[in-house]
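Participant: Can you read through this structure? Questions will come right after.
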Amino acid sequence: MTRWSVSAPICLLAAVWGCGGGYPEPRNQLTASEAAVRAAEVAGAQNGPQSALHLKRAREQVESGRALIQEGENERAEWMLRRAQSDADLALAVATEEARRRQAAAAKKELDQLQEGLRQGSPPQ
């Protein structure tokens, strides 16, 4: 066995390892996921049953993504953070829908009261 046959694989391994040939840290995705979670929180996603569930999942996935980054599992972390962003976006959409439904129910109740008042002949208040 020649000297080159032993040292060549070692040099190749060192070159690949030294260049950081791995997947880059998904810092931009982490920031986007955290921003999506905050947007859902601001919209009140924690107040509705369905939106709260999606928000909880998103928070858990952000934490899992952070842990994966710490472990050097950057590609898995990016996918986890993408899922977190999607769940946070869904929480925001569901929270918005829940708020609109509450507004519609309140408007319908007010309309029904006004119609009942007109039927009884009393002026609207």
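Every chain in the structure tokens has a letter given in the order shown (A, B, ...), and although residue numbers restart at 1 in each chain, ligands are simply numbered from 1 in the order shown.
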For Asn74 in chain A, please output as number ranges by chain all residues within 6 Å (counting only C-alpha atoms; exclusion window: fewer than 5 positions along the same chain).
Facilitator: A: 23, 25, 69
Participant: Among the residues of chain A, find those DSSP assigns to alpha helix (DSSP H) from the backbone and print them as a PyMOL selection string.
Facilitator: chain A and resi 3-18+27-42+49-70+74-120
Participant: Of the candidates A:Gln120, A:Gln29, A:Gln113, A:Thr96, which shows the shortest atom-to-atom distance to Ala84 in chain A, using only C-alpha atoms?
Facilitator: A:Gln29
Participant: Might you pull out every residue within 12 Å of Val94 in chain A, with only C-alpha atoms counted and same-chain residues fewer than 5 positions away left off, and present them as a list in words?
Facilitator: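 Answer for this query is Ala40, Glu41, Ala43, Gly44, Ala45, Gln46, Asn47, Gly48, Pro49, Gln50, Ser51, Ala52, Leu53, His54, Leu55, Asp87, Ala88, Asp89, Ala99, Arg100 and Arg101 of chain A.
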Participant: Which residue gives the smallest distance to Ala39 in chain A among A:Leu90, A:Leu114, A:Leu81, A:Ala106, with only C-alpha atoms counted?
Facilitator: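 Using only C-alpha atoms, the shortest distance to Ala39 in chain A belongs to A:Leu90.
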Participant: Using only C-alpha atoms, can you tell me which of A:Arg66, A:Arg27, A:Arg38, A:Arg57 comes closest to Arg83 in chain A?
Facilitator: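 Of the candidates, the smallest distance to Arg83 in chain A is held by A:Arg57.
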Participant: To one decimal in Å, tell me the separation between CA of Gly65 in chain A and CA of Met80 in chain A.
Facilitator: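 Spanning CA of Gly65 in chain A to CA of Met80 in chain A is a straight-line distance of 5.5 Å.
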Participant: Kindly give the distance, in Å, that separates CA of Trp79 in chain A and CA of Gln61 in chain A, rounded to a single decimal.
Facilitator: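 It comes out at 9.7 Å.
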Participant: What does the structure give for the distance between CA of Ala104 in chain A and CA of Ala91 in chain A, in Å to one decimal?
Facilitator: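 Separation of CA of Ala104 in chain A and CA of Ala91 in chain A: 19.7 Å.
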